[in-house]
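Single-structure report; data block below.
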Amino acid sequence: MYSSRIGSLSTLSRKQPGFPFGSLMPYALDDQGRPIFLISTMAMHTQNLQADPRASLFVTEPDARGDPLGASRVTLIGTVSRIPDPELTAARTVYLTGYPDSKYWVDFDDFFFYRMDVLDVYYVGGFGVMGWVAASEYSQAEPDPLIESKSEIIRHMNADHKDALIVLAKRFAGIDAQEASMTSVDRLGFHLRLKTRDGVKGTRVAFLREVSDPSEAREVFVEMVQQARQG
């Protein structure tokens, strides 16, 4: 949610009751990870929300590099309602920081700030990685420390260290692969997509220890490759 800034908001249609209505939706996040929207009363999704506040927001990680099914994505389910006046200043600041151009229409008479109160979260981390996340856990979570450098780490490993990824898959996941590519990385480990004799497989490899920045991640990668090759 932190790495992206736009998603697909699904509301319940007033015109066709019971059917979902999808809209492209920019969002900002408050300190609990709740999405904040700046929307017009003339928009169909706003009219839908006024009739029924239940909605979902689907967000996929940016820069999926031509493999959208291997990318992380998340669906937030909750209710969307106007932000109360006492909380508007904070919401406005957060939103304008992420979308400075919205200053040109933020004060239009038909635009208002709305917020999703998250009821549940469904996460897909790539091939074979999925599950529900409690809203309470989501609200207490923080952005991963590698999020800003994630794309560069993945690009570097896939471009310069494909042989090392194959060795890591063998040593730490027990999978023999002819080809390997990294699809995701975070402070606790990384995901690999592997081409094997039995077809394409996905696996998760844990770091030897939690890392707090790209430099530590590099150190752990080096240690793990050394262990794998010695073993």
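Chain labels follow the order of the structure tokens: the first chain is A, the next B, and so on; residue numbering restarts at 1 in every chain, and ligands are counted from 1 in their shown order.
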Next on the checklist: Give me, as number ranges by chain, all polymer residues having an atom no more than 6 Å from Pro35 of chain A, counting only C-alpha atoms and skipping those fewer than 3 positions away in the same chain.
Outcome noted: A: 27-29, 115-116
Output N, CA and C atoms for every residue in the selection just made, as a short mmCIF file (atom, residue, chain, number, x, y, z; two decimals), in the first residue's frame.
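Full text of out-v8.cif as output:
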data_model
loop_
_atom_site.label_atom_id
_atom_site.label_comp_id
_atom_site.auth_asym_id
_atom_site.auth_seq_id
_atom_site.Cartn_x
_atom_site.Cartn_y
_atom_site.Cartn_z
N TYR A 27 -4.97 7.52 -3.94
CA TYR A 27 -5.19 7.50 -2.50
C TYR A 27 -3.93 7.94 -1.76
N ALA A 28 -4.13 8.41 -0.55
CA ALA A 28 -3.02 8.64 0.39
C ALA A 28 -3.29 7.76 1.60
N LEU A 29 -2.31 7.62 2.48
CA LEU A 29 -2.47 6.78 3.67
C LEU A 29 -2.26 7.61 4.93
N ARG A 115 -12.53 8.49 3.71
CA ARG A 115 -11.53 7.56 4.23
C ARG A 115 -12.13 6.17 4.37
N MET A 116 -11.32 5.17 4.09
CA MET A 116 -11.76 3.79 4.28
C MET A 116 -11.34 3.30 5.66
#
Residue neighbourhood Asp31 of chain A, 12 Å, only C-alpha atoms, exclusion window fewer than 4 positions, as an mmCIF file with C-alpha atoms, in the first residue's frame:
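Ended up saving to result.cif:
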data_model
loop_
_atom_site.group_PDB
_atom_site.id
_atom_site.type_symbol
_atom_site.label_atom_id
_atom_site.label_comp_id
_atom_site.auth_asym_id
_atom_site.auth_seq_id
_atom_site.Cartn_x
_atom_site.Cartn_y
_atom_site.Cartn_z
ATOM 1 C CA TYR A 2 2.872 2.356 0.766
ATOM 2 C CA PRO A 35 -6.696 5.063 2.473
ATOM 3 C CA ILE A 36 -7.776 8.698 2.065
ATOM 4 C CA ALA A 90 -4.444 16.129 8.955
ATOM 5 C CA ALA A 91 -6.087 14.332 6.035
ATOM 6 C CA VAL A 94 -1.291 13.949 3.964
ATOM 7 C CA TYR A 138 -2.420 -4.098 9.110
ATOM 8 C CA SER A 139 -3.098 -0.896 11.065
ATOM 9 C CA GLN A 140 -0.031 -1.487 13.265
ATOM 10 C CA ALA A 141 2.303 -2.368 10.390
ATOM 11 C CA GLU A 142 5.004 -0.079 9.040
ATOM 12 C CA PRO A 143 6.479 0.205 5.535
#
Checklist entry - Which of these residues is nearest to Lys150 of chain A, using only C-alpha atoms: A:Leu168, A:Val185, A:Met42, A:Val133? => result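 Counting only C-alpha atoms, the residue closest to Lys150 of chain A is A:Val185.
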Next on the checklist: Which residues are near Val74 of chain A? Cut-off 12 Å, only C-alpha atoms, ignore same chain within fewer than 5 positions. Put them as a list of chain:residue names.
Outcome noted: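 My list of contacting residues is A:Met1, A:Tyr2, A:Ser3, A:Ser4, A:Gly7, A:Ser8, A:Ser56, A:Leu57, A:Phe58, A:Val59, A:Thr60, A:Glu61, A:Asp120, A:Val121, A:Tyr122, A:Tyr123, A:Val124, A:Gly125, A:Gly126, A:Val129, A:Met130, A:Gly131, A:Trp132, A:Val133, A:Tyr138.
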Can I get the selection written as an mmCIF file, in the first residue's frame, with N, CA, C and O atoms?
data_model
loop_
_atom_site.group_PDB
_atom_site.id
_atom_site.type_symbol
_atom_site.label_atom_id
_atom_site.label_comp_id
_atom_site.auth_asym_id
_atom_site.auth_seq_id
_atom_site.Cartn_x
_atom_site.Cartn_y
_atom_site.Cartn_z
ATOM 1 N N MET A 1 0.829 -1.203 0.000
ATOM 2 C CA MET A 1 0.000 0.000 0.000
ATOM 3 C C MET A 1 0.864 1.253 0.000
ATOM 4 O O MET A 1 0.533 2.255 -0.630
ATOM 5 N N TYR A 2 1.979 1.201 0.689
ATOM 6 C CA TYR A 2 2.872 2.356 0.766
ATOM 7 C C TYR A 2 3.589 2.602 -0.561
ATOM 8 O O TYR A 2 3.810 3.748 -0.947
ATOM 9 N N SER A 3 3.954 1.536 -1.254
ATOM 10 C CA SER A 3 4.759 1.687 -2.460
ATOM 11 C C SER A 3 3.949 2.177 -3.653
ATOM 12 O O SER A 3 4.506 2.699 -4.613
ATOM 13 N N SER A 4 2.641 2.006 -3.605
ATOM 14 C CA SER A 4 1.800 2.465 -4.704
ATOM 15 C C SER A 4 1.002 3.682 -4.250
ATOM 16 O O SER A 4 1.010 4.054 -3.081
ATOM 17 N N GLY A 7 -5.181 2.793 -7.053
ATOM 18 C CA GLY A 7 -5.771 1.471 -7.049
ATOM 19 C C GLY A 7 -7.120 1.472 -7.733
ATOM 20 O O GLY A 7 -7.542 2.459 -8.335
ATOM 21 N N SER A 8 -7.796 0.349 -7.641
ATOM 22 C CA SER A 8 -9.135 0.207 -8.212
ATOM 23 C C SER A 8 -10.133 0.121 -7.065
ATOM 24 O O SER A 8 -10.108 -0.834 -6.276
ATOM 25 N N SER A 56 -14.249 -1.991 -1.638
ATOM 26 C CA SER A 56 -12.925 -2.612 -1.571
ATOM 27 C C SER A 56 -11.973 -1.803 -2.432
ATOM 28 O O SER A 56 -12.387 -1.151 -3.399
ATOM 29 N N LEU A 57 -10.706 -1.835 -2.064
ATOM 30 C CA LEU A 57 -9.666 -1.146 -2.823
ATOM 31 C C LEU A 57 -8.596 -2.162 -3.187
ATOM 32 O O LEU A 57 -7.981 -2.772 -2.312
ATOM 33 N N PHE A 58 -8.399 -2.347 -4.492
ATOM 34 C CA PHE A 58 -7.399 -3.293 -4.986
ATOM 35 C C PHE A 58 -6.171 -2.516 -5.458
ATOM 36 O O PHE A 58 -6.281 -1.608 -6.279
ATOM 37 N N VAL A 59 -5.004 -2.894 -4.943
ATOM 38 C CA VAL A 59 -3.753 -2.211 -5.271
ATOM 39 C C VAL A 59 -2.706 -3.251 -5.633
ATOM 40 O O VAL A 59 -2.544 -4.257 -4.936
ATOM 41 N N THR A 60 -2.000 -3.017 -6.720
ATOM 42 C CA THR A 60 -0.916 -3.909 -7.115
ATOM 43 C C THR A 60 0.403 -3.160 -7.046
ATOM 44 O O THR A 60 0.429 -1.940 -7.225
ATOM 45 N N GLU A 61 1.472 -3.887 -6.767
ATOM 46 C CA GLU A 61 2.770 -3.217 -6.637
ATOM 47 C C GLU A 61 3.188 -2.615 -7.973
ATOM 48 O O GLU A 61 2.965 -3.216 -9.034
ATOM 49 N N ASP A 120 -10.976 -5.802 6.647
ATOM 50 C CA ASP A 120 -10.185 -7.005 6.407
ATOM 51 C C ASP A 120 -9.231 -6.753 5.239
ATOM 52 O O ASP A 120 -9.429 -5.822 4.445
ATOM 53 N N VAL A 121 -8.210 -7.606 5.156
ATOM 54 C CA VAL A 121 -7.171 -7.434 4.138
ATOM 55 C C VAL A 121 -6.843 -8.798 3.540
ATOM 56 O O VAL A 121 -6.644 -9.775 4.266
ATOM 57 N N TYR A 122 -6.781 -8.849 2.204
ATOM 58 C CA TYR A 122 -6.342 -10.077 1.531
ATOM 59 C C TYR A 122 -5.103 -9.754 0.708
ATOM 60 O O TYR A 122 -5.125 -8.848 -0.128
ATOM 61 N N TYR A 123 -4.042 -10.511 0.936
ATOM 62 C CA TYR A 123 -2.751 -10.225 0.317
ATOM 63 C C TYR A 123 -2.304 -11.390 -0.556
ATOM 64 O O TYR A 123 -2.422 -12.555 -0.166
ATOM 65 N N VAL A 124 -1.792 -11.056 -1.735
ATOM 66 C CA VAL A 124 -1.157 -12.039 -2.617
ATOM 67 C C VAL A 124 0.268 -11.564 -2.872
ATOM 68 O O VAL A 124 0.473 -10.462 -3.382
ATOM 69 N N GLY A 125 1.237 -12.385 -2.502
ATOM 70 C CA GLY A 125 2.633 -11.973 -2.613
ATOM 71 C C GLY A 125 3.334 -12.462 -3.855
ATOM 72 O O GLY A 125 4.542 -12.378 -3.966
ATOM 73 N N GLY A 126 2.574 -13.002 -4.797
ATOM 74 C CA GLY A 126 3.168 -13.590 -5.992
ATOM 75 C C GLY A 126 2.651 -14.999 -6.163
ATOM 76 O O GLY A 126 1.606 -15.362 -5.625
ATOM 77 N N VAL A 129 1.689 -17.480 -2.939
ATOM 78 C CA VAL A 129 1.791 -16.795 -1.648
ATOM 79 C C VAL A 129 0.546 -15.934 -1.470
ATOM 80 O O VAL A 129 0.370 -14.947 -2.187
ATOM 81 N N MET A 130 -0.324 -16.306 -0.539
ATOM 82 C CA MET A 130 -1.564 -15.550 -0.378
ATOM 83 C C MET A 130 -2.170 -15.840 0.989
ATOM 84 O O MET A 130 -1.868 -16.855 1.623
ATOM 85 N N GLY A 131 -3.024 -14.946 1.445
ATOM 86 C CA GLY A 131 -3.709 -15.175 2.710
ATOM 87 C C GLY A 131 -4.336 -13.907 3.265
ATOM 88 O O GLY A 131 -4.064 -12.796 2.800
ATOM 89 N N TRP A 132 -5.194 -14.086 4.251
ATOM 90 C CA TRP A 132 -5.875 -12.976 4.912
ATOM 91 C C TRP A 132 -4.979 -12.381 5.988
ATOM 92 O O TRP A 132 -4.231 -13.090 6.664
ATOM 93 N N VAL A 133 -5.058 -11.070 6.135
ATOM 94 C CA VAL A 133 -4.320 -10.337 7.167
ATOM 95 C C VAL A 133 -5.338 -9.586 8.014
ATOM 96 O O VAL A 133 -6.202 -8.884 7.475
ATOM 97 N N TYR A 138 -2.708 -5.048 10.192
ATOM 98 C CA TYR A 138 -2.420 -4.098 9.110
ATOM 99 C C TYR A 138 -2.253 -2.682 9.651
ATOM 100 O O TYR A 138 -1.329 -1.965 9.277
#
Checklist entry - Where does DSSP see alpha helix (DSSP H) in segment 165-223 of chain A, if you list the residues as a PyMOL selection string? => result chain A and resi 165-173+214-223
Item to check | For Ile77 of chain A, the nearest of the candidates A:Leu119, A:Ala51, A:Leu188, A:Val225, counting only C-alpha atoms | outcome: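 Under the stated criterion, the closest residue is A:Leu119.
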Checklist entry - Could you pull out all residues of segment 33-187 of chain A with a DSSP call of strand (DSSP E or B) and give them as a VMD selection string? => result chain A and resid 35 to 40 54 to 60 73 to 82 111 to 126 129 to 134 179 to 186
Item to check | For atom CA of Gly18 of chain A and atom CA of Val80 of chain A, the interatomic separation in Å (one decimal) | outcome: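 Going from atom CA of Gly18 of chain A over to atom CA of Val80 of chain A, I get 16.9 Å.
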Next on the checklist: I'd like to know which of A:Arg204, A:Lys162, A:Arg92, A:Arg5 is closest to His191 of chain A, using only C-alpha atoms.
Outcome noted: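 Closest residue, counting only C-alpha atoms: A:Arg204.
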Next on the checklist: One decimal, in Å: what's the spacing between atom CA of Leu192 of chain A and atom CA of Glu137 of chain A?
Outcome noted: 25.6 Å
Checklist entry - Using only C-alpha atoms, which residue out of A:Gly231, A:Glu210, A:Ala135, A:Ile153 lies closest to Arg171 of chain A? => result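 Using only C-alpha atoms, the shortest distance to Arg171 of chain A belongs to A:Gly231.
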